[in-house]
file final.pdb (PDB, C-alpha atoms)
ATOM      1  CA  MET G 249       0.000   0.000   0.000
ATOM      2  CA  GLU G 250       1.356   3.420  -0.975
ATOM      3  CA  ASP G 251       1.321   6.672   0.935
ATOM      4  CA  ILE G 252       1.886  10.213  -0.286
ATOM      5  CA  ILE G 253       4.002  13.193   0.678
ATOM      6  CA  ALA G 254       2.473  16.492  -0.399
ATOM      7  CA  GLY G 255       4.165  19.857  -0.862
ATOM      8  CA  ARG G 256       7.494  21.118  -2.179
ATOM      9  CA  ASN G 257       9.516  21.194   1.055
ATOM     10  CA  PRO G 258       8.361  17.809   2.421
ATOM     11  CA  VAL G 259       9.082  16.147  -0.942
ATOM     12  CA  CYS G 260      12.516  17.778  -1.171
ATOM     13  CA  GLU G 261      13.427  16.655   2.353
ATOM     14  CA  ALA G 262      12.250  13.125   1.629
ATOM     15  CA  LEU G 263      14.516  13.048  -1.425
ATOM     16  CA  ARG G 264      17.466  14.436   0.519
ATOM     17  CA  ALA G 265      16.943  11.895   3.303
ATOM     18  CA  GLY G 266      16.991   9.040   0.810
ATOM     19  CA  ARG G 267      13.481   7.829   1.576
ATOM     20  CA  PRO G 268      12.344   5.347  -1.083
ATOM     21  CA  ILE G 269      10.044   7.217  -3.493
ATOM     22  CA  ASN G 270       8.143   5.438  -6.229
ATOM     23  CA  LYS G 271       7.191   8.459  -8.346
ATOM     24  CA  ILE G 272       6.781  12.213  -8.143
ATOM     25  CA  TYR G 273       3.741  13.907  -9.670
ATOM     26  CA  LEU G 274       3.835  17.540 -10.798
ATOM     27  CA  ALA G 275       0.905  19.678 -11.841
ATOM     28  CA  ARG G 276       1.148  20.648 -15.521
ATOM     29  CA  ASN G 277       0.625  24.357 -14.873
ATOM     30  CA  LEU G 278       3.507  24.748 -12.389
ATOM     31  CA  LYS G 279       6.121  27.401 -13.116
ATOM     32  CA  PRO G 280       9.596  25.877 -13.661
ATOM     33  CA  ALA G 281      11.014  27.764 -10.687
ATOM     34  CA  THR G 282       8.503  26.041  -8.410
ATOM     35  CA  PHE G 283       9.588  22.505  -9.211
ATOM     36  CA  ALA G 284      13.226  23.044 -10.253
ATOM     37  CA  GLU G 285      14.661  21.837  -6.941
ATOM     38  CA  VAL G 286      12.368  18.823  -6.814
ATOM     39  CA  SER G 287      13.218  17.859 -10.383
ATOM     40  CA  GLY G 288      16.943  18.218  -9.760
ATOM     41  CA  LEU G 289      16.857  16.034  -6.673
ATOM     42  CA  ALA G 290      14.645  13.501  -8.451
ATOM     43  CA  ARG G 291      17.175  13.200 -11.287
ATOM     44  CA  GLU G 292      19.974  12.774  -8.761
ATOM     45  CA  LYS G 293      18.054  10.024  -6.938
ATOM     46  CA  GLN G 294      16.754   8.497 -10.193
ATOM     47  CA  VAL G 295      13.123   8.940  -9.189
ATOM     48  CA  PRO G 296      10.633   9.143 -12.089
ATOM     49  CA  VAL G 297       8.664  12.373 -12.480
ATOM     50  CA  GLN G 298       5.302  12.638 -14.212
ATOM     51  CA  LYS G 299       3.276  15.735 -15.066
ATOM     52  CA  VAL G 300      -0.451  15.369 -14.469
ATOM     53  CA  GLU G 301      -3.567  17.492 -14.220
ATOM     54  CA  LYS G 302      -4.026  19.371 -10.972
ATOM     55  CA  GLN G 303      -7.373  17.641 -10.399
ATOM     56  CA  LEU G 304      -5.584  14.311 -10.020
ATOM     57  CA  LEU G 305      -3.301  15.769  -7.357
ATOM     58  CA  ASP G 306      -6.321  17.204  -5.555
ATOM     59  CA  ARG G 307      -7.835  13.723  -5.359
ATOM     60  CA  MET G 308      -4.567  12.164  -4.237
ATOM     61  CA  ALA G 309      -4.029  14.799  -1.542
ATOM     62  CA  GLU G 310      -7.544  14.403  -0.093
ATOM     63  CA  GLY G 311      -7.680  18.010   1.058
ATOM     64  CA  ALA G 312      -4.011  18.450   1.992
ATOM     65  CA  LEU G 313      -2.180  21.446   0.549
ATOM     66  CA  HIS G 314       0.104  19.990  -2.129
ATOM     67  CA  GLN G 315       1.410  23.050  -4.055
ATOM     68  CA  GLY G 316       1.205  21.009  -7.249
ATOM     69  CA  ILE G 317       3.796  18.480  -6.033
ATOM     70  CA  ILE G 318       3.119  14.997  -4.635
ATOM     71  CA  ALA G 319       5.434  12.039  -4.082
ATOM     72  CA  SER G 320       4.177   8.465  -3.969
ATOM     73  CA  VAL G 321       6.064   6.570  -1.247
ATOM     74  CA  ALA G 322       5.929   3.401   0.786
ATOM     75  CA  PRO G 323       4.164   3.729   4.165
ATOM     76  CA  TYR G 324       6.251   5.486   6.827
ATOM     77  CA  GLU G 325       8.700   3.149   8.529
ATOM     78  CA  TYR G 326       8.758   3.715  12.266
ATOM     79  CA  ALA G 327      12.019   3.457  14.153
ATOM     80  CA  ASP G 328      12.691   0.960  16.914
ATOM     81  CA  LEU G 329      13.320   2.646  20.255
ATOM     82  CA  ASP G 330      16.193   0.294  21.081
ATOM     83  CA  ASP G 331      17.836   1.244  17.788
ATOM     84  CA  ILE G 332      17.455   4.947  18.576
ATOM     85  CA  LEU G 333      19.159   4.457  21.928
ATOM     86  CA  ALA G 334      21.890   2.247  20.459
ATOM     87  CA  GLN G 335      22.862   4.915  17.931
ATOM     88  CA  LEU G 336      23.383   7.672  20.491
ATOM     89  CA  GLY G 337      26.985   6.794  21.225
ATOM     90  CA  GLU G 338      28.514   9.394  23.561
ATOM     91  CA  GLN G 339      25.753  11.934  22.991
ATOM     92  CA  VAL G 340      23.645  13.109  25.913
ATOM     93  CA  PRO G 341      20.209  11.816  24.869
ATOM     94  CA  LEU G 342      17.142  13.985  24.444
ATOM     95  CA  LEU G 343      13.835  12.292  23.614
ATOM     96  CA  VAL G 344      10.237  13.484  23.334
ATOM     97  CA  LEU G 345       7.388  11.311  24.603
ATOM     98  CA  LEU G 346       3.888  12.239  23.469
ATOM     99  CA  ASP G 347       1.063  11.103  25.719
ATOM    100  CA  GLY G 348      -1.992  11.250  23.478
ATOM    101  CA  ILE G 349      -1.382  13.908  20.818
ATOM    102  CA  ASN G 350      -4.311  13.507  18.417
ATOM    103  CA  ASP G 351      -3.919  16.448  16.041
ATOM    104  CA  PRO G 352      -1.569  15.544  13.153
ATOM    105  CA  HIS G 353      -0.623  19.211  12.769
ATOM    106  CA  ASN G 354       0.548  19.267  16.384
ATOM    107  CA  LEU G 355       2.491  16.045  15.891
ATOM    108  CA  GLY G 356       4.186  17.469  12.806
ATOM    109  CA  ALA G 357       5.014  20.730  14.569
ATOM    110  CA  ILE G 358       6.511  18.859  17.535
ATOM    111  CA  ILE G 359       8.674  16.747  15.230
ATOM    112  CA  ARG G 360       9.852  19.944  13.553
ATOM    113  CA  SER G 361      10.760  21.477  16.931
ATOM    114  CA  ALA G 362      12.472  18.249  17.992
ATOM    115  CA  ASP G 363      14.676  18.441  14.921
ATOM    116  CA  ALA G 364      15.510  22.113  15.520
ATOM    117  CA  ALA G 365      16.356  21.498  19.189
ATOM    118  CA  GLY G 366      18.575  18.510  18.450
ATOM    119  CA  ALA G 367      16.324  15.834  19.952
ATOM    120  CA  HIS G 368      17.264  12.275  19.054
ATOM    121  CA  GLY G 369      13.777  10.851  18.659
ATOM    122  CA  VAL G 370      10.043  11.169  19.236
ATOM    123  CA  ILE G 371       8.003   8.419  20.867
ATOM    124  CA  ILE G 372       4.266   8.046  20.321
ATOM    125  CA  PRO G 373       1.715   5.444  21.459
ATOM    126  CA  ARG G 374       0.428   2.893  18.971
ATOM    127  CA  ARG G 375      -3.217   3.526  19.803
ATOM    128  CA  ARG G 376      -5.501   6.501  20.430
ATOM    129  CA  ALA G 377      -3.026   9.037  19.066
ATOM    130  CA  ALA G 378      -1.992  10.624  15.786
ATOM    131  CA  SER G 379       0.333   8.586  13.594
ATOM    132  CA  VAL G 380       2.755   9.731  10.905
ATOM    133  CA  THR G 381       0.813  10.658   7.774
ATOM    134  CA  SER G 382       1.254  12.997   4.840
ATOM    135  CA  VAL G 383      -0.367  15.750   6.922
ATOM    136  CA  VAL G 384       2.205  15.199   9.671
ATOM    137  CA  ALA G 385       5.029  15.199   7.134
ATOM    138  CA  ARG G 386       3.898  18.520   5.737
ATOM    139  CA  ALA G 387       3.371  20.082   9.179
ATOM    140  CA  SER G 388       6.898  18.991  10.119
ATOM    141  CA  ALA G 389       8.285  20.777   7.011
ATOM    142  CA  GLY G 390      10.107  17.554   6.155
ATOM    143  CA  ALA G 391      11.698  17.090   9.601
ATOM    144  CA  VAL G 392       9.982  13.704   9.912
ATOM    145  CA  GLU G 393      12.578  12.418   7.443
ATOM    146  CA  PHE G 394      15.388  13.213   9.895
ATOM    147  CA  VAL G 395      13.927  12.700  13.367
ATOM    148  CA  PRO G 396      13.183   9.027  14.063
ATOM    149  CA  VAL G 397       9.684   8.354  15.364
ATOM    150  CA  ALA G 398       9.062   5.208  17.404
ATOM    151  CA  ARG G 399       5.717   3.740  18.377
ATOM    152  CA  VAL G 400       5.318   1.931  21.688
ATOM    153  CA  THR G 401       2.485   0.000  23.282
ATOM    154  CA  ASN G 402       2.559   1.821  26.606
ATOM    155  CA  ILE G 403       4.091   5.223  27.417
ATOM    156  CA  ALA G 404       4.223   4.537  31.181
ATOM    157  CA  VAL G 405       6.118   1.274  30.680
ATOM    158  CA  THR G 406       8.468   3.042  28.269
ATOM    159  CA  ILE G 407       9.207   5.666  30.926
ATOM    160  CA  ASP G 408      10.195   2.904  33.373
ATOM    161  CA  MET G 409      12.549   1.453  30.773
ATOM    162  CA  LEU G 410      14.151   4.836  30.072
ATOM    163  CA  LYS G 411      14.652   5.450  33.791
ATOM    164  CA  GLU G 412      16.484   2.130  34.056
ATOM    165  CA  ARG G 413      18.811   3.430  31.340
ATOM    166  CA  GLY G 414      19.596   6.599  33.236
ATOM    167  CA  PHE G 415      17.058   9.031  31.797
ATOM    168  CA  TRP G 416      15.508  11.853  33.795
ATOM    169  CA  VAL G 417      11.849  12.273  32.837
ATOM    170  CA  ALA G 418      10.300  15.766  32.819
ATOM    171  CA  GLY G 419       6.614  16.320  32.165
ATOM    172  CA  ALA G 420       5.134  19.599  30.961
ATOM    173  CA  ASP G 421       2.178  20.227  33.266
ATOM    174  CA  LEU G 422       0.154  23.387  33.750
ATOM    175  CA  ALA G 423      -0.334  22.636  37.469
ATOM    176  CA  ALA G 424       3.356  21.967  38.219
ATOM    177  CA  GLU G 425       5.018  23.947  40.997
ATOM    178  CA  GLN G 426       8.441  24.170  39.365
ATOM    179  CA  LEU G 427       9.108  26.711  36.627
ATOM    180  CA  LEU G 428      10.677  25.420  33.443
ATOM    181  CA  TRP G 429      13.910  27.379  33.712
ATOM    182  CA  ASP G 430      14.501  26.281  37.319
ATOM    183  CA  ALA G 431      14.513  22.593  36.374
ATOM    184  CA  PRO G 432      17.696  20.625  35.569
ATOM    185  CA  LEU G 433      17.347  19.611  31.924
ATOM    186  CA  ASP G 434      20.960  19.204  30.816
ATOM    187  CA  GLY G 435      21.365  15.451  31.407
ATOM    188  CA  PRO G 436      19.878  12.402  29.687
ATOM    189  CA  LEU G 437      16.305  13.603  29.332
ATOM    190  CA  ALA G 438      12.890  12.482  28.141
ATOM    191  CA  VAL G 439      10.385  15.320  27.802
ATOM    192  CA  VAL G 440       6.739  14.278  28.191
ATOM    193  CA  VAL G 441       4.000  16.319  26.511
ATOM    194  CA  GLY G 442       0.343  15.479  27.058
ATOM    195  CA  GLY G 443      -2.630  15.507  24.742
ATOM    196  CA  GLU G 444      -4.462  18.585  23.534
ATOM    197  CA  ASP G 445      -7.496  18.207  25.799
ATOM    198  CA  LYS G 446      -6.478  16.359  28.954
ATOM    199  CA  GLY G 447      -2.732  16.892  29.146
ATOM    200  CA  ILE G 448      -0.570  14.175  30.683
ATOM    201  CA  SER G 449      -2.502  11.171  31.969
ATOM    202  CA  ARG G 450      -2.463  10.463  35.696
ATOM    203  CA  LEU G 451      -0.284   7.351  35.526
ATOM    204  CA  VAL G 452       2.259   8.974  33.220
ATOM    205  CA  ARG G 453       2.339  12.088  35.427
ATOM    206  CA  GLU G 454       3.136   9.906  38.455
ATOM    207  CA  LYS G 455       5.997   8.271  36.550
ATOM    208  CA  CYS G 456       7.714  11.599  35.803
ATOM    209  CA  ASP G 457      10.719  12.564  37.915
ATOM    210  CA  LEU G 458       9.668  16.198  37.794
ATOM    211  CA  LEU G 459       6.892  18.336  36.406
ATOM    212  CA  VAL G 460       7.518  21.782  34.965
ATOM    213  CA  ARG G 461       5.276  24.619  33.957
ATOM    214  CA  LEU G 462       5.644  27.656  31.767
ATOM    215  CA  PRO G 463       4.987  31.012  33.437
ATOM    216  CA  MET G 464       1.873  32.620  32.001
ATOM    217  CA  ALA G 465       1.452  36.400  32.096
ATOM    218  CA  GLY G 466      -1.653  36.648  29.928
ATOM    219  CA  ARG G 467      -5.288  35.814  30.486
ATOM    220  CA  VAL G 468      -5.214  32.530  28.552
ATOM    221  CA  ASN G 469      -3.938  29.910  30.970
ATOM    222  CA  SER G 470      -2.597  27.325  28.538
ATOM    223  CA  LEU G 471      -0.519  26.907  25.408
ATOM    224  CA  ASN G 472      -0.894  24.730  22.342
ATOM    225  CA  ALA G 473       0.804  21.360  22.932
ATOM    226  CA  SER G 474       3.308  21.886  20.124
ATOM    227  CA  VAL G 475       4.262  25.342  21.454
ATOM    228  CA  ALA G 476       4.754  23.963  24.960
ATOM    229  CA  ALA G 477       6.899  21.131  23.598
ATOM    230  CA  ALA G 478       9.063  23.580  21.658
ATOM    231  CA  LEU G 479       9.669  25.798  24.685
ATOM    232  CA  VAL G 480      10.706  22.874  26.892
ATOM    233  CA  LEU G 481      12.978  21.445  24.199
ATOM    234  CA  PHE G 482      14.738  24.728  23.556
ATOM    235  CA  GLU G 483      15.268  25.314  27.273
ATOM    236  CA  ALA G 484      16.852  21.852  27.433
ATOM    237  CA  MET G 485      19.055  22.754  24.469
ATOM    238  CA  ARG G 486      20.055  26.055  26.115
ATOM    239  CA  GLN G 487      21.102  24.288  29.310
ATOM    240  CA  ARG G 488      23.052  21.654  27.388
ATOM    241  CA  ASN G 489      24.896  24.237  25.327
ATOM    242  CA  LYS G 490      25.715  26.179  28.481
ATOM    243  CA  ARG G 491      27.167  23.075  30.104
ATOM    244  CA  LEU G 492      29.240  22.290  27.015
ATOM    245  CA  SER G 493      30.604  25.837  26.874
ATOM    246  CA  LYS G 494      31.861  25.436  30.439
ATOM    247  CA  GLY G 495      33.698  22.295  29.440
TER     248      GLY G 495
END

call {"tool": "encode", "arguments": {"input": "final.pdb", "output": "structure tokens"}}
result
Amino acid sequence: MEDIIAGRNPVCEALRAGRPINKIYLARNLKPATFAEVSGLAREKQVPVQKVEKQLLDRMAEGALHQGIIASVAPYEYADLDDILAQLGEQVPLLVLLDGINDPHNLGAIIRSADAAGAHGVIIPRRRAASVTSVVARASAGAVEFVPVARVTNIAVTIDMLKERGFWVAGADLAAEQLLWDAPLDGPLAVVVGGEDKGISRLVREKCDLLVRLPMAGRVNSLNASVAAALVLFEAMRQRNKRLSKG
């Protein structure tokens, strides 16, 4: 069964990452400047390109914004968490655990932030949560091709396993007493972000070593899950860079 990647940037990043692509479809009315980069990368990777009517792309995209460019690919291949950990080497690990993110746009945005902050992987549950789709790929601006995403049966059990391997687990929680920038985030770390409606589940919250909150000065008392994830990840990156600069 085939999947699709829609949009210029996601298709380009998939080509750069070496993801197996069966064919790329371009709308006939596209200006050459719009698809020049895609065509060049496709030639380099020996991926066939076919020009088709825009209506066909509309049907393939099923409502997703495709910009006249769609790649036909094999279904997304999830990473194995053990493989992610084995490839870390001497790096100080930084992982993101998502406890019930259902909006594919949020999942894509979190993967994009994980890539920008230098996280080594994103972990999602197999059930009752968003999975990696073409919408996620587009929302991640192609970052899904570079940040491994693993699916696990149980987030709470996964936290126990990570703790056994020396991880510190920090959950983003609106009701936490500790402010984000007062928390130690420069060691082996797994950041837990809860779902859009209910946040972190009770059991997962109890498994966390610490809970952190973002200070809120406005009248709205919460942030979008992807924004919260980005802020925690970049604070972790800031602390890590500071520690490295001190030697």

call {"tool": "atom_distance", "arguments": {"input": "final.pdb", "atom1": "atom CA of G:Glu483", "atom2": "atom CA of G:Ala262"}}
result
28.6 Å

call {"tool": "closest_residue", "arguments": {"input": "final.pdb", "among": "G:Gln487, G:Ser474, G:Ser449, G:Asn277", "to": "G:Pro432", "atoms": "all atoms listed in the file"}}
result
G:Gln487

call {"tool": "closest_residue", "arguments": {"input": "final.pdb", "among": "G:Pro463, G:Pro396, G:Pro280, G:Pro373", "to": "G:Gly442", "atoms": "only C-alpha atoms"}}
result
G:Pro373

call {"tool": "resolve_selection", "arguments": {"input": "final.pdb", "expression": "the PyMOL selection byres ((chain G and resi 284-287) around 12)", "output": "PyMOL selection string"}}
result
chain G and resi 255-264+271-274+278-283+288-299+316-319

call {"tool": "resolve_selection", "arguments": {"input": "final.pdb", "expression": "the PyMOL selection byres ((chain G and resi 340-347) around 9)", "output": "PyMOL selection string"}}
result
chain G and resi 333+336-339+348-349+355+358-359+362+366-373+377+403+407+415+434-443+447-449+452+477+481+484-485+488

call {"tool": "closest_residue", "arguments": {"input": "final.pdb", "among": "G:Val384, G:Ala322, G:Ala476, G:Leu492", "to": "G:Pro268", "atoms": "only C-alpha atoms"}}
result
G:Ala322

call {"tool": "atom_distance", "arguments": {"input": "final.pdb", "atom1": "atom CA of G:Asn354", "atom2": "atom CA of G:Lys455"}}
result
23.6 Å

call {"tool": "closest_residue", "arguments": {"input": "final.pdb", "among": "G:Arg360, G:Lys490, G:Arg267, G:His353", "to": "G:Asn472", "atoms": "all atoms listed in the file"}}
result
G:His353

call {"tool": "atom_distance", "arguments": {"input": "final.pdb", "atom1": "atom CA of G:Glu393", "atom2": "atom CA of G:Tyr326"}}
result
10.7 Å

call {"tool": "resolve_selection", "arguments": {"input": "final.pdb", "expression": "the PyMOL selection byres ((chain G and resi 380) around 10)", "output": "PyMOL selection string"}}
result
chain G and resi 323-326+352+355-356+372+378-379+381-385+392+397

call {"tool": "closest_residue", "arguments": {"input": "final.pdb", "among": "G:Ile269, G:Asp408, G:Asp445, G:Arg461", "to": "G:Asn350", "atoms": "all atoms listed in the file"}}
result
G:Asp445
